[in-house]
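Visitor: Got work-v1.csv for you, CSV, C-alpha atoms:
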chain,number,residue,atom,x,y,z
X,1019,MET,CA,-9.8,25.2,-6.5
X,1020,LYS,CA,-7.1,27.5,-5.1
X,1021,ARG,CA,-8.3,26.9,-1.6
X,1022,ILE,CA,-8.1,23.1,-2.1
X,1023,ILE,CA,-4.6,23.4,-3.5
X,1024,ARG,CA,-3.5,25.7,-0.6
X,1025,ILE,CA,-4.9,23.2,2.0
X,1026,ALA,CA,-3.3,20.3,0.3
X,1027,LYS,CA,0.1,22.1,0.0
X,1028,THR,CA,-0.1,23.0,3.7
X,1029,LEU,CA,-0.9,19.5,4.8
X,1030,LEU,CA,1.8,17.9,2.7
X,1031,LEU,CA,4.5,20.3,3.7
X,1032,THR,CA,3.6,20.1,7.4
X,1033,TYR,CA,3.6,16.3,7.5
X,1034,TYR,CA,6.7,16.1,5.3
X,1035,ALA,CA,8.6,18.3,7.8
X,1036,TYR,CA,7.2,16.0,10.6
X,1037,MET,CA,8.4,12.9,8.8
X,1038,LEU,CA,11.9,14.3,8.3
X,1039,GLU,CA,12.3,14.4,12.1
X,1040,TYR,CA,12.3,10.6,12.0
X,1041,ARG,CA,14.9,9.9,9.3
X,1042,ALA,CA,16.5,7.0,11.2
X,1043,GLU,CA,13.1,5.4,11.8
X,1044,LEU,CA,12.3,5.8,8.1
X,1045,PHE,CA,15.4,4.0,7.1
X,1046,LEU,CA,14.5,1.1,9.5
X,1047,TRP,CA,10.9,1.1,8.0
X,1048,ALA,CA,12.4,0.8,4.5
X,1049,LEU,CA,14.7,-2.1,5.6
X,1050,SER,CA,11.7,-3.8,7.2
X,1051,GLY,CA,10.2,-4.2,3.8
X,1052,ALA,CA,13.1,-6.2,2.5
X,1053,LEU,CA,11.2,-9.5,2.7
X,1054,PRO,CA,11.1,-9.7,-1.1
X,1055,PHE,CA,14.9,-9.7,-1.2
X,1056,ILE,CA,15.0,-12.7,1.1
X,1057,LEU,CA,12.4,-14.6,-0.9
X,1058,MET,CA,14.2,-13.7,-4.1
X,1059,GLY,CA,17.2,-15.9,-3.2
X,1060,VAL,CA,14.9,-18.8,-2.4
X,1061,TRP,CA,13.0,-18.6,-5.7
X,1062,MET,CA,16.2,-18.0,-7.8
X,1063,GLN,CA,17.6,-21.2,-6.3
X,1064,ALA,CA,14.4,-23.1,-6.9
X,1065,SER,CA,14.2,-21.9,-10.5
X,1066,GLU,CA,17.4,-23.8,-11.3
X,1067,SER,CA,15.7,-27.1,-10.7
X,1068,GLY,CA,12.0,-26.4,-11.1
X,1069,GLN,CA,9.7,-25.5,-14.0
X,1070,PHE,CA,8.1,-22.2,-13.0
X,1071,GLY,CA,8.0,-20.4,-16.3
X,1072,LEU,CA,10.4,-17.8,-15.0
X,1073,LYS,CA,14.2,-17.7,-15.1
X,1074,ALA,CA,16.4,-16.8,-12.2
X,1075,ILE,CA,16.9,-13.3,-13.6
X,1076,ASP,CA,13.1,-12.8,-13.9
X,1077,PHE,CA,12.7,-13.7,-10.2
X,1078,ALA,CA,15.4,-11.2,-9.3
X,1079,ARG,CA,13.8,-8.4,-11.2
X,1080,TYR,CA,10.3,-9.3,-10.0
X,1081,PHE,CA,11.2,-9.2,-6.3
X,1082,LEU,CA,13.1,-6.0,-6.7
X,1083,ALA,CA,9.9,-4.5,-8.3
X,1084,ALA,CA,7.8,-6.0,-5.5
X,1085,PHE,CA,10.1,-4.3,-3.0
X,1086,ILE,CA,9.7,-1.0,-4.8
X,1087,VAL,CA,5.9,-1.3,-4.9
X,1088,ARG,CA,5.6,-2.4,-1.3
X,1089,GLN,CA,7.6,0.7,-0.3
X,1090,THR,CA,5.0,2.9,-2.0
X,1091,ASN,CA,1.9,1.3,-0.4
X,1092,VAL,CA,2.8,0.8,3.2
X,1093,VAL,CA,-0.3,2.0,5.2
X,1094,TRP,CA,-0.7,2.4,9.0
X,1095,VAL,CA,-3.9,4.5,9.1
X,1096,ILE,CA,-5.8,1.9,11.1
X,1097,TRP,CA,-3.5,2.2,14.1
X,1098,GLU,CA,-3.7,6.0,14.1
X,1099,PHE,CA,-7.4,6.1,13.6
X,1100,GLU,CA,-8.0,3.5,16.3
X,1101,LYS,CA,-6.0,5.5,18.8
X,1102,GLU,CA,-7.9,8.7,17.9
X,1103,VAL,CA,-11.3,7.0,18.5
X,1104,VAL,CA,-10.3,5.1,21.7
X,1105,GLN,CA,-8.6,8.1,23.3
X,1106,GLY,CA,-11.2,10.6,22.1
X,1107,LYS,CA,-8.7,12.6,20.0
X,1108,LEU,CA,-11.0,12.4,17.0
X,1109,SER,CA,-13.3,15.0,18.5
X,1110,ASN,CA,-10.8,17.8,17.8
X,1111,ARG,CA,-10.5,16.7,14.2
X,1112,LEU,CA,-14.2,16.7,13.8
X,1113,LEU,CA,-14.3,20.4,14.8
X,1114,GLN,CA,-12.2,21.3,11.7
X,1115,PRO,CA,-13.9,22.0,8.3
X,1116,LEU,CA,-12.0,19.1,6.8
X,1117,ASP,CA,-12.6,15.4,6.8
X,1118,PRO,CA,-10.1,13.8,9.2
X,1119,VAL,CA,-9.1,11.3,6.5
X,1120,TRP,CA,-7.2,14.0,4.6
X,1121,HIS,CA,-4.8,14.4,7.6
X,1122,HIS,CA,-4.0,10.7,7.4
X,1123,PHE,CA,-3.8,10.6,3.6
X,1124,ALA,CA,-1.4,13.6,3.6
X,1125,SER,CA,0.9,12.0,6.2
X,1126,HIS,CA,1.1,8.9,4.1
X,1127,VAL,CA,1.9,10.7,0.9
X,1128,SER,CA,4.5,12.9,2.6
X,1129,GLU,CA,6.1,9.8,4.1
X,1130,ARG,CA,6.5,8.4,0.6
X,1131,PHE,CA,8.7,11.4,-0.4
X,1132,ALA,CA,10.7,11.3,2.8
X,1133,ARG,CA,11.3,7.5,2.3
X,1134,LEU,CA,12.3,7.9,-1.3
X,1135,PRO,CA,16.1,8.6,-0.8
X,1136,PHE,CA,16.4,5.4,1.3
X,1137,VAL,CA,14.5,3.3,-1.2
X,1138,LEU,CA,16.7,4.6,-4.1
X,1139,GLY,CA,19.8,3.8,-2.1
X,1140,LEU,CA,18.7,0.2,-1.5
X,1141,VAL,CA,17.8,-0.2,-5.2
X,1142,LEU,CA,21.3,1.0,-6.2
X,1143,LEU,CA,22.8,-1.4,-3.7
X,1144,PHE,CA,20.8,-4.2,-5.3
X,1145,PHE,CA,22.1,-3.4,-8.7
X,1146,ALA,CA,25.6,-3.2,-7.4
X,1147,LEU,CA,25.3,-6.7,-6.0
X,1148,TYR,CA,23.3,-8.1,-8.9
X,1149,PRO,CA,24.4,-6.1,-12.0
X,1150,GLN,CA,23.1,-8.8,-14.3
X,1151,ALA,CA,19.6,-8.0,-13.1
X,1152,PHE,CA,19.8,-4.3,-14.3
X,1153,TRP,CA,17.2,-3.2,-16.8
X,1154,LEU,CA,15.6,0.0,-18.0
X,1155,PRO,CA,11.8,0.0,-18.6
X,1156,SER,CA,10.5,1.9,-21.6
X,1157,LEU,CA,9.0,5.4,-21.0
X,1158,VAL,CA,5.5,4.1,-21.7
X,1159,ARG,CA,5.9,1.2,-19.3
X,1160,LEU,CA,7.3,3.5,-16.6
X,1161,LEU,CA,4.5,6.0,-16.9
X,1162,LEU,CA,1.9,3.1,-16.8
X,1163,PHE,CA,3.7,1.7,-13.7
X,1164,LEU,CA,3.6,5.1,-11.9
X,1165,LEU,CA,-0.2,5.3,-12.6
X,1166,VAL,CA,-0.9,1.8,-11.4
X,1167,VAL,CA,1.3,2.1,-8.3
X,1168,VAL,CA,-0.6,5.3,-7.3
X,1169,LEU,CA,-3.9,3.5,-7.8
X,1170,ALA,CA,-2.6,0.6,-5.8
X,1171,PHE,CA,-1.6,2.8,-2.9
X,1172,CYS,CA,-5.0,4.5,-3.0
X,1173,LEU,CA,-6.8,1.2,-3.0
X,1174,ARG,CA,-4.6,-0.1,-0.1
X,1175,PHE,CA,-5.2,3.0,1.9
X,1176,LEU,CA,-9.0,2.9,1.2
X,1177,ILE,CA,-9.2,-0.8,2.3
X,1178,GLN,CA,-7.3,-0.2,5.5
X,1179,TYR,CA,-9.2,3.0,6.3
X,1180,THR,CA,-12.5,1.1,5.9
X,1181,PHE,CA,-11.3,-1.5,8.4
X,1182,ALA,CA,-10.2,1.4,10.7
X,1183,LEU,CA,-13.8,2.7,10.9
X,1184,PHE,CA,-14.7,-0.5,12.9
X,1185,ALA,CA,-12.9,1.3,15.7
X,1186,PHE,CA,-16.2,3.0,16.4
X,1187,TRP,CA,-17.6,-0.3,17.6
X,1188,ILE,CA,-14.6,-2.4,18.7
X,1189,GLU,CA,-11.4,-1.3,20.5
X,1190,ARG,CA,-9.1,-3.4,18.5
X,1191,ALA,CA,-10.0,-2.7,14.9
X,1192,SER,CA,-6.3,-3.4,14.0
X,1193,ALA,CA,-7.0,-7.1,14.6
X,1194,ILE,CA,-9.0,-7.0,11.4
X,1195,GLU,CA,-6.0,-5.6,9.5
X,1196,GLN,CA,-3.7,-8.3,11.0
X,1197,PHE,CA,-6.0,-11.0,9.7
X,1198,TRP,CA,-6.3,-9.3,6.3
X,1199,PHE,CA,-2.5,-9.0,6.1
X,1200,LEU,CA,-2.0,-12.8,6.4
X,1201,ILE,CA,-4.2,-13.2,3.3
X,1202,TYR,CA,-2.6,-10.2,1.6
X,1203,LEU,CA,0.9,-11.6,2.3
X,1204,PHE,CA,0.2,-14.8,0.3
X,1205,LEU,CA,-2.0,-13.6,-2.5
X,1206,SER,CA,-0.6,-10.2,-3.3
X,1207,GLY,CA,2.6,-11.5,-4.8
X,1208,ILE,CA,5.0,-10.7,-1.9
X,1209,ILE,CA,5.7,-14.3,-1.2
X,1210,ALA,CA,5.7,-15.5,-4.8
X,1211,PRO,CA,4.7,-14.1,-8.2
X,1212,LEU,CA,1.3,-15.4,-9.4
X,1213,GLU,CA,3.0,-17.1,-12.3
X,1214,VAL,CA,4.0,-20.0,-10.0
X,1215,PHE,CA,0.4,-20.5,-8.7
X,1216,PRO,CA,-1.7,-23.3,-10.2
X,1217,PRO,CA,-3.8,-21.9,-13.1
X,1218,ALA,CA,-7.1,-22.6,-11.3
X,1219,VAL,CA,-6.0,-20.8,-8.1
X,1220,ARG,CA,-4.5,-17.9,-10.1
X,1221,ALA,CA,-7.8,-17.4,-12.0
X,1222,VAL,CA,-9.7,-17.0,-8.7
X,1223,VAL,CA,-7.1,-14.8,-7.1
X,1224,LEU,CA,-7.2,-12.4,-10.0
X,1225,TRP,CA,-10.8,-11.4,-9.1
X,1226,THR,CA,-9.7,-10.4,-5.6
X,1227,PRO,CA,-8.0,-7.0,-4.8
X,1228,PHE,CA,-4.8,-8.6,-3.5
X,1229,PRO,CA,-2.7,-9.2,-6.6
X,1230,TYR,CA,-3.3,-5.6,-7.8
X,1231,LEU,CA,-1.6,-4.2,-4.8
X,1232,ILE,CA,1.8,-5.8,-5.5
X,1233,HIS,CA,2.0,-8.3,-8.3
X,1234,PHE,CA,0.1,-6.2,-11.0
X,1235,PRO,CA,2.3,-3.0,-10.8
X,1236,ALA,CA,5.5,-5.1,-10.3
X,1237,SER,CA,4.7,-7.1,-13.4
X,1238,ILE,CA,4.1,-4.0,-15.4
X,1239,LEU,CA,7.5,-2.5,-14.3
X,1240,ILE,CA,9.5,-5.6,-15.4
X,1241,GLY,CA,7.5,-6.5,-18.5
X,1242,LEU,CA,5.7,-9.7,-17.4
X,1243,PRO,CA,2.5,-10.3,-19.5
X,1244,VAL,CA,-0.6,-8.9,-17.7
X,1245,ASP,CA,-4.0,-7.8,-18.8
X,1246,VAL,CA,-3.8,-4.1,-18.1
X,1247,GLY,CA,-7.4,-3.3,-19.0
X,1248,ARG,CA,-8.8,-6.0,-16.8
X,1249,GLY,CA,-6.5,-5.1,-14.0
X,1250,LEU,CA,-7.5,-1.5,-14.0
X,1251,LEU,CA,-11.2,-2.4,-14.1
X,1252,VAL,CA,-10.9,-4.8,-11.2
X,1253,MET,CA,-9.0,-2.2,-9.2
X,1254,LEU,CA,-11.7,0.4,-10.0
X,1255,GLY,CA,-14.5,-2.1,-9.1
X,1256,TRP,CA,-13.0,-2.9,-5.7
X,1257,GLY,CA,-12.3,0.8,-5.1
X,1258,VAL,CA,-16.0,1.6,-5.6
X,1259,VAL,CA,-17.1,-1.3,-3.3
X,1260,PHE,CA,-14.8,-0.2,-0.5
X,1261,PHE,CA,-15.6,3.5,-1.0
X,1262,VAL,CA,-19.3,2.9,-0.7
X,1263,TRP,CA,-18.8,0.7,2.4
X,1264,ASN,CA,-16.4,3.3,3.8
X,1265,ARG,CA,-18.8,6.2,3.6
X,1266,TRP,CA,-21.7,4.1,5.1
X,1267,LEU,CA,-19.5,3.0,8.0
X,1268,TRP,CA,-18.4,6.6,8.5
X,1269,ARG,CA,-21.9,7.9,8.8
X,1270,GLN,CA,-23.0,5.1,11.1
X,1271,GLY,CA,-19.8,5.4,13.1
X,1272,LEU,CA,-20.2,9.1,13.8
X,1273,LYS,CA,-23.6,8.3,15.3
X,1274,GLN,CA,-22.0,5.7,17.5
X,1275,TYR,CA,-19.2,8.0,18.5
X,1276,SER,CA,-21.6,10.8,19.4
X,1277,GLY,CA,-23.6,8.3,21.4
X,1278,MET,CA,-20.5,7.6,23.5
X,1279,GLY,CA,-20.4,11.2,24.6
X,1280,ALA,CA,-17.9,12.6,22.2
Give the structure from this file in structure tokens form.

Guide:
Amino acid sequence: MKRIIRIAKTLLLTYYAYMLEYRAELFLWALSGALPFILMGVWMQASESGQFGLKAIDFARYFLAAFIVRQTNVVWVIWEFEKEVVQGKLSNRLLQPLDPVWHHFASHVSERFARLPFVLGLVLLFFALYPQAFWLPSLVRLLLFLLVVVLAFCLRFLIQYTFALFAFWIERASAIEQFWFLIYLFLSGIIAPLEVFPPAVRAVVLWTPFPYLIHFPASILIGLPVDVGRGLLVMLGWGVVFFVWNRWLWRQGLKQYSGMGA
């Protein structure tokens, strides 16, 4: 256990120091996730004349929560892994007594901490511009949100890393992620909260992994009614599916990689 803690600490500190070298880029990355703020104005205006079940203040809080959640589960492992496979850099990682995935996972976690000051600054700016939207979640709700948002990040990372393993067979595995992202954009809750979806569509979408990556944690944070037990079970179920698929692709992919002369 001490060895595992020491390795984890070393990886996190190393990648955190690396991420701090790109503070300006981190700020731009944080700003690039501001799409929920743009859509917030659209839905707030629409709520004044439509019947969506949510008030303008609810839309403001929801899209702020969606922004926060999206900042925590940004993942880019597929582009890094694709480059390692195509350029043969994965060979060096395979010589280490550590699964290469932990390097990528540590870099993502470290980036979250390096990004945090910029995210907090944008949240404070939001409340300065929309003071009527200010609210404080209860301690229980906040702790539940932190748990769910960590699970959402892990699921998002696992899904993309699974797609990344296709780089063993195709040179542009990132194309899979780009197609997946189009569906993710519409069904995760970034474009609109699930409350505005037709009931039949919402019932189907809730069985997919998409809403649990954005909408589910965002709803918990602002207090929208959600079935927490069902949400956690669906997240766990999809996590198991992608984990099993991931490990199978990894074993088969290593055979393919070795066959290419690595």

Visitor: Work out how far apart CA of Leu1031 (chain X) and CA of Val1119 (chain X) are and give it in Å to one decimal.

Guide: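 For CA of Leu1031 (chain X) relative to CA of Val1119 (chain X), the distance reads 16.5 Å.
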
Visitor: Please provide as a PyMOL selection string all residues within 8 Å of region 1092-1106 of chain X, with the sequence filter that same-chain residues fewer than 6 positions apart are discarded (counting only C-alpha atoms).

Guide: chain X and resi 1122+1126+1171+1174-1175+1178-1179+1181-1183+1185-1186+1189-1192+1195+1275+1280

Visitor: Taking only C-alpha atoms into account, name the residue in X:Pro1155, X:Pro1227, X:Gly1071, X:Pro1211 that is nearest to Val1259 (chain X).

Guide: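 Checking each of X:Pro1155, X:Pro1227, X:Gly1071, X:Pro1211 against Val1259 (chain X), counting only C-alpha atoms, the winner is X:Pro1227.
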
Visitor: Report as a PDB file with C-alpha atoms, keeping the file's coordinate frame all protein, DNA and RNA residues lying within 8 Å of region 1234-1238 of chain X, evaluated on only C-alpha atoms, omitting residues in the same chain fewer than 5 positions from it.

Guide:
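Final file, part.pdb:
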ATOM      1  CA  TYR X1080      10.300  -9.300 -10.000  1.00  0.00           C
ATOM      2  CA  ALA X1083       9.900  -4.500  -8.300  1.00  0.00           C
ATOM      3  CA  ALA X1084       7.800  -6.000  -5.500  1.00  0.00           C
ATOM      4  CA  VAL X1087       5.900  -1.300  -4.900  1.00  0.00           C
ATOM      5  CA  ARG X1159       5.900   1.200 -19.300  1.00  0.00           C
ATOM      6  CA  LEU X1162       1.900   3.100 -16.800  1.00  0.00           C
ATOM      7  CA  PHE X1163       3.700   1.700 -13.700  1.00  0.00           C
ATOM      8  CA  VAL X1166      -0.900   1.800 -11.400  1.00  0.00           C
ATOM      9  CA  VAL X1167       1.300   2.100  -8.300  1.00  0.00           C
ATOM     10  CA  ALA X1170      -2.600   0.600  -5.800  1.00  0.00           C
ATOM     11  CA  PRO X1229      -2.700  -9.200  -6.600  1.00  0.00           C
ATOM     12  CA  PRO X1243       2.500 -10.300 -19.500  1.00  0.00           C
ATOM     13  CA  VAL X1244      -0.600  -8.900 -17.700  1.00  0.00           C
ATOM     14  CA  GLY X1249      -6.500  -5.100 -14.000  1.00  0.00           C
TER      15      GLY X1249
END

Visitor: Report, in Å with one decimal, the straight-line distance from CA of Phe1085 (chain X) to CA of Pro1054 (chain X).

Guide: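 CA of Pro1054 (chain X) lies at a distance of 5.8 Å from CA of Phe1085 (chain X).
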
Visitor: Using all atoms listed in the file, what residues lie at most 9 Å away from (-12.3, 21.8, 1.5) (file coordinates), given as a list in words?

Guide: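 Checked against the point, the hits come out as Arg1021, Ile1022, Ile1025, Pro1115, Leu1116 and Asp1117 of chain X.
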